[in-house]
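Here is the structure we will look at.
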Amino acid sequence: MKLKAGFALFIFSVSVAFFGVFAGTVTAKPIEISFSNFFPPSHFHGKLGQEYCDAIEKRTNGKVKMTYYPGGSLVTGAKTYGAVLDGITDIGFSVLGYSRGVFPALEAIDLPLGYKSGSQATRIINAFAEEFKLKELNKVKVMLFHAHGPGLIHSKDPVRKLEDLKGMKVRCYGFSVKIIEALGGVPVAMGQSQAYEALQKGVCNATLVPIEALKGWNQAEVINYTSETTSIGYTSGLYVFMNKDKWASLPKDVQAVFEQVNKEWIDKFGAAWDASDAAGREYTLEKGNEIIPMTAEENARWKAAVQPVIGDWVKDATKKGLPAQEYVDFLKEAVKTY
């Protein structure tokens, strides 16, 4: 009887040791995080989103598993912010302007302040958010912001001076509608996905957009001229946000990896915008289109024409209780110094 009991105890001890060792070798289940991006996977932003996910997985040594949804395959660009809040997607990449009225302070970024490049605009929007600690961002974890290069006039007929734009139907979007009105054009509000056909069919005669769209959206095929109206160069702010509860649930070492990648990707996004602008410029010239340089005097006229747009925004935002003039002063100085 004692022999049987001893044997049973031996078997139990071996089993405990075996399963204990085995349990120690089992890899912990990775933390699963979803990332949604409305840009298609072939677009440079679609590729950058994938690279971001790959970097997180690699630097956490597989502790995090990223599931990437490009091309609006999980949520559309317009619904991304709400989806992040509701936890439908853990991370969302979209345009601030798609959530009208939600980011009143960050609307200042879109003003026609004469941005010179995507990397400049990207650094400025991140500096702006850091400087003012905006309450409108409290519902999410901000990963990073970025912004495109200067929006310019691209047209079927040449626009060499301000008067040439008078009465011209110009495709625009969101806040840039007011810019076209101030310049004497007729705004035709629509998204980028509709612009090619609208220009092709004459629904509009021009578009206000960064030059990257001439290649990225093939619009060089349906315009003939680009006017370098850099003095009214506007931008659009884009974001990468994470659900706040999801962020809070992450271990500190994983959060540290995200923070480092976020910091690096600010410059990556800015450089990508600049490279795409350069590609758009080259592409439109290859198509035989003309880029019209504006004199300093002419650019000054365009700049003066859009000042009421900035002034009106300051008035409206001040009524909402925002230090709007302080925002604009910061941005104007940043455009000079960055």
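How things are named: the first chain in the structure tokens is A, the next is B, and so on; residues count from 1 in each chain; ligands count from 1 in the order shown.
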Closest atom pairs, residues of region 103-143 of chain A within 12 Å of region 249-263 of chain A, only C-alpha atoms, as a tab-separated table:
residue	atom	partner	partner_atom	distance
A:Thr122	CA	A:Lys263	CA	11.9
A:Arg123	CA	A:Lys263	CA	10.9
A:Asn126	CA	A:Lys263	CA	10.1
A:Lys141	CA	A:Glu259	CA	10.8
A:Val142	CA	A:Asn262	CA	9.4
A:Met143	CA	A:Asn262	CA	5.8
Taking N, CA and C atoms for each residue, export the selection above as a PDB file, in the first residue's frame.
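Now in again00.pdb:
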ATOM      1  N   THR A 122       2.949  70.027 -40.994  1.00  0.00           N
ATOM      2  CA  THR A 122       2.885  68.909 -40.046  1.00  0.00           C
ATOM      3  C   THR A 122       3.534  69.274 -38.720  1.00  0.00           C
ATOM      4  N   ARG A 123       4.680  69.909 -38.772  1.00  0.00           N
ATOM      5  CA  ARG A 123       5.336  70.327 -37.530  1.00  0.00           C
ATOM      6  C   ARG A 123       4.508  71.377 -36.799  1.00  0.00           C
ATOM      7  N   ASN A 126       1.354  69.906 -34.913  1.00  0.00           N
ATOM      8  CA  ASN A 126       1.740  69.210 -33.683  1.00  0.00           C
ATOM      9  C   ASN A 126       2.195  70.200 -32.609  1.00  0.00           C
ATOM     10  N   LYS A 141      -6.834  59.503 -27.036  1.00  0.00           N
ATOM     11  CA  LYS A 141      -5.394  59.578 -26.876  1.00  0.00           C
ATOM     12  C   LYS A 141      -4.829  60.020 -28.230  1.00  0.00           C
ATOM     13  N   VAL A 142      -4.233  61.195 -28.256  1.00  0.00           N
ATOM     14  CA  VAL A 142      -3.632  61.691 -29.489  1.00  0.00           C
ATOM     15  C   VAL A 142      -2.320  60.959 -29.730  1.00  0.00           C
ATOM     16  N   MET A 143      -2.231  60.303 -30.892  1.00  0.00           N
ATOM     17  CA  MET A 143      -0.970  59.676 -31.274  1.00  0.00           C
ATOM     18  C   MET A 143      -0.100  60.700 -32.017  1.00  0.00           C
TER      19      MET A 143
END
Please run DSSP on the backbone and report, as an NGL selection string, all residues within region 80-117 of chain A that come out as strand (DSSP E).
:A and (91-95)
Selection export as a compact mmCIF listing (two decimals), in the first residue's frame, atoms kept: C-alpha atoms:
# COMPACT_ATOMS: atom_id res chain seq x y z
CA ILE A 91 -6.83 53.51 -33.65
CA GLY A 92 -8.24 55.76 -36.37
CA PHE A 93 -6.54 57.82 -39.09
CA SER A 94 -8.64 60.51 -40.77
CA VAL A 95 -9.17 64.22 -41.45
Could you make a table, as CSV, of the residues of region 96-205 of chain A that have an atom within 12 Å of an atom of region 276-282 of chain A, each with its nearest atom pair and distance in Å to one decimal, counting only C-alpha atoms, in chain and number order?
residue,atom,partner,partner_atom,distance
A:Lys116,CA,A:Asp277,CA,11.0
A:Ser117,CA,A:Asp277,CA,8.5
A:Gly118,CA,A:Asp277,CA,8.3
A:Ser119,CA,A:Asp277,CA,10.9
A:His148,CA,A:Asp277,CA,8.9
A:Gly149,CA,A:Asp277,CA,7.1
A:Pro150,CA,A:Asp277,CA,9.2
A:Gly151,CA,A:Asp277,CA,10.4
A:Leu152,CA,A:Asp277,CA,11.2
A:His154,CA,A:Arg281,CA,11.4
Contacts of Lys287 (chain A) within 12 Å, only C-alpha atoms, excl. fewer than 2 positions in-chain, as a list in words:
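In the requested format, the answer is Leu214, Lys215, Asn218, Gln219, Ala220, Glu221, Val222, Ile223, Asn224, Tyr225, Gly280, Arg281, Glu282, Tyr283, Thr284, Leu285, Asn289, Glu290 and Ile291 of chain A.
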Coordinates-based distance that separates CA of Asn243 (chain A) from CA of Val84 (chain A) (Å, one decimal):
5.2 Å
When distances are computed from only C-alpha atoms, which of A:Gly97, A:Ser155, A:Ile33, A:Lys244 shows the smallest separation from Gln200 (chain A)?
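Residue with the minimum atom-to-atom distance to Gln200 (chain A): A:Ser155.
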Name the residues in contact with Glu131 (chain A) at a cut-off of 10 Å, using only C-alpha atoms, excluding same-chain residues fewer than 5 positions from it; report them as a list in words.
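Skipping anything fewer than 5 positions along the chain leaves Ile125, Asn126, Tyr327 and Phe330 of chain A.
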Taking into account only C-alpha atoms, which residue in the set A:Lys332, A:Glu297, A:Gln120, A:Ala275 is nearest to Gly216 (chain A)?
A:Ala275
How far is it from CA of Ala317 (chain A) to CA of Thr76 (chain A), in Å with one decimal?
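These two atoms are separated by 28.2 Å.
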Skipping near chain neighbours, those fewer than 3 positions away, what residues fall within 12 Å of Gly185 (chain A) using only C-alpha atoms, listed as a VMD selection string?
chain A and resid 153 155 159 162 to 172 176 to 182 188 204 to 208 305
For Val328 (chain A), find every residue with an atom within 12 Å (counting only C-alpha atoms), except residues of its own chain fewer than 2 positions away, and show them as a PyMOL selection string.
chain A and resi 105-113+124+128+307+309-315+317-318+322-326+330-335
Output file for the selection above: N, CA and C atoms, as an mmCIF file, in the first residue's frame:
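Ended up saving to selection.cif:
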data_model
loop_
_atom_site.group_PDB
_atom_site.id
_atom_site.type_symbol
_atom_site.label_atom_id
_atom_site.label_comp_id
_atom_site.auth_asym_id
_atom_site.auth_seq_id
_atom_site.Cartn_x
_atom_site.Cartn_y
_atom_site.Cartn_z
ATOM 1 N N ALA A 105 -11.005 74.622 -32.153
ATOM 2 C CA ALA A 105 -9.695 75.274 -32.069
ATOM 3 C C ALA A 105 -8.794 74.846 -33.226
ATOM 4 N N LEU A 106 -8.808 73.565 -33.541
ATOM 5 C CA LEU A 106 -7.949 73.054 -34.612
ATOM 6 C C LEU A 106 -8.395 73.506 -35.999
ATOM 7 N N GLU A 107 -9.596 74.089 -36.096
ATOM 8 C CA GLU A 107 -10.010 74.675 -37.375
ATOM 9 C C GLU A 107 -9.039 75.768 -37.815
ATOM 10 N N ALA A 108 -8.364 76.382 -36.855
ATOM 11 C CA ALA A 108 -7.414 77.450 -37.169
ATOM 12 C C ALA A 108 -6.308 76.969 -38.097
ATOM 13 N N ILE A 109 -5.970 75.688 -38.011
ATOM 14 C CA ILE A 109 -4.921 75.121 -38.865
ATOM 15 C C ILE A 109 -5.270 75.262 -40.337
ATOM 16 N N ASP A 110 -6.564 75.162 -40.666
ATOM 17 C CA ASP A 110 -7.003 75.154 -42.067
ATOM 18 C C ASP A 110 -7.083 76.547 -42.694
ATOM 19 N N LEU A 111 -6.790 77.580 -41.932
ATOM 20 C CA LEU A 111 -6.866 78.939 -42.467
ATOM 21 C C LEU A 111 -5.794 79.168 -43.543
ATOM 22 N N PRO A 112 -6.066 80.052 -44.498
ATOM 23 C CA PRO A 112 -5.117 80.302 -45.606
ATOM 24 C C PRO A 112 -3.949 81.177 -45.155
ATOM 25 N N LEU A 113 -3.015 80.566 -44.439
ATOM 26 C CA LEU A 113 -1.929 81.302 -43.793
ATOM 27 C C LEU A 113 -0.623 81.273 -44.584
ATOM 28 N N ILE A 124 3.900 72.271 -37.571
ATOM 29 C CA ILE A 124 3.123 73.347 -36.961
ATOM 30 C C ILE A 124 1.886 72.815 -36.253
ATOM 31 N N PHE A 128 1.154 73.297 -32.369
ATOM 32 C CA PHE A 128 -0.057 74.000 -31.966
ATOM 33 C C PHE A 128 -0.810 73.213 -30.893
ATOM 34 N N GLN A 307 -7.812 87.803 -46.270
ATOM 35 C CA GLN A 307 -7.712 88.236 -44.875
ATOM 36 C C GLN A 307 -9.073 88.281 -44.166
ATOM 37 N N VAL A 309 -11.423 86.214 -44.441
ATOM 38 C CA VAL A 309 -11.736 84.835 -44.036
ATOM 39 C C VAL A 309 -11.127 84.566 -42.664
ATOM 40 N N ILE A 310 -9.888 84.997 -42.493
ATOM 41 C CA ILE A 310 -9.200 84.810 -41.214
ATOM 42 C C ILE A 310 -9.865 85.651 -40.126
ATOM 43 N N GLY A 311 -10.159 86.901 -40.469
ATOM 44 C CA GLY A 311 -10.800 87.787 -39.498
ATOM 45 C C GLY A 311 -12.158 87.294 -39.042
ATOM 46 N N ASP A 312 -12.940 86.794 -39.980
ATOM 47 C CA ASP A 312 -14.274 86.270 -39.632
ATOM 48 C C ASP A 312 -14.162 85.043 -38.729
ATOM 49 N N TRP A 313 -13.171 84.213 -39.026
ATOM 50 C CA TRP A 313 -12.998 83.018 -38.179
ATOM 51 C C TRP A 313 -12.643 83.432 -36.756
ATOM 52 N N VAL A 314 -11.763 84.415 -36.621
ATOM 53 C CA VAL A 314 -11.380 84.887 -35.286
ATOM 54 C C VAL A 314 -12.610 85.388 -34.520
ATOM 55 N N LYS A 315 -13.462 86.148 -35.190
ATOM 56 C CA LYS A 315 -14.669 86.665 -34.540
ATOM 57 C C LYS A 315 -15.585 85.528 -34.074
ATOM 58 N N ALA A 317 -14.883 82.297 -33.607
ATOM 59 C CA ALA A 317 -14.270 81.433 -32.599
ATOM 60 C C ALA A 317 -14.188 82.133 -31.247
ATOM 61 N N THR A 318 -13.983 83.441 -31.262
ATOM 62 C CA THR A 318 -13.946 84.208 -30.007
ATOM 63 C C THR A 318 -15.302 84.158 -29.308
ATOM 64 N N LEU A 322 -13.112 80.871 -27.366
ATOM 65 C CA LEU A 322 -11.745 80.462 -27.667
ATOM 66 C C LEU A 322 -10.820 81.677 -27.781
ATOM 67 N N PRO A 323 -9.557 81.530 -27.391
ATOM 68 C CA PRO A 323 -8.585 82.616 -27.576
ATOM 69 C C PRO A 323 -8.113 82.642 -29.040
ATOM 70 N N ALA A 324 -9.042 82.936 -29.940
ATOM 71 C CA ALA A 324 -8.825 82.759 -31.371
ATOM 72 C C ALA A 324 -7.677 83.609 -31.917
ATOM 73 N N GLN A 325 -7.587 84.856 -31.484
ATOM 74 C CA GLN A 325 -6.513 85.707 -31.980
ATOM 75 C C GLN A 325 -5.149 85.175 -31.559
ATOM 76 N N GLU A 326 -5.084 84.631 -30.355
ATOM 77 C CA GLU A 326 -3.835 84.023 -29.870
ATOM 78 C C GLU A 326 -3.452 82.822 -30.746
ATOM 79 N N PHE A 330 -0.078 82.729 -33.099
ATOM 80 C CA PHE A 330 0.876 81.619 -32.964
ATOM 81 C C PHE A 330 1.161 80.984 -34.325
ATOM 82 N N LEU A 331 0.100 80.738 -35.091
ATOM 83 C CA LEU A 331 0.254 80.073 -36.382
ATOM 84 C C LEU A 331 0.989 80.951 -37.393
ATOM 85 N N LYS A 332 0.692 82.230 -37.410
ATOM 86 C CA LYS A 332 1.381 83.140 -38.333
ATOM 87 C C LYS A 332 2.878 83.184 -38.034
ATOM 88 N N GLU A 333 3.204 83.218 -36.759
ATOM 89 C CA GLU A 333 4.621 83.237 -36.378
ATOM 90 C C GLU A 333 5.284 81.903 -36.735
ATOM 91 N N ALA A 334 4.546 80.820 -36.542
ATOM 92 C CA ALA A 334 5.089 79.492 -36.850
ATOM 93 C C ALA A 334 5.369 79.343 -38.343
ATOM 94 N N VAL A 335 4.483 79.889 -39.184
ATOM 95 C CA VAL A 335 4.696 79.826 -40.629
ATOM 96 C C VAL A 335 5.984 80.561 -41.012
#
Give me the residues within 10 Å of Lys65 (chain A) as a list in words, counting only C-alpha atoms and dropping any in the same chain fewer than 4 places off.
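Close residues of Lys65 (chain A): Lys29, Pro30, Ile31, Glu32, Ile33, Ser34, Cys53, Asp54, Ile56, Glu57, Lys58, Thr60 and Asn61 of chain A.
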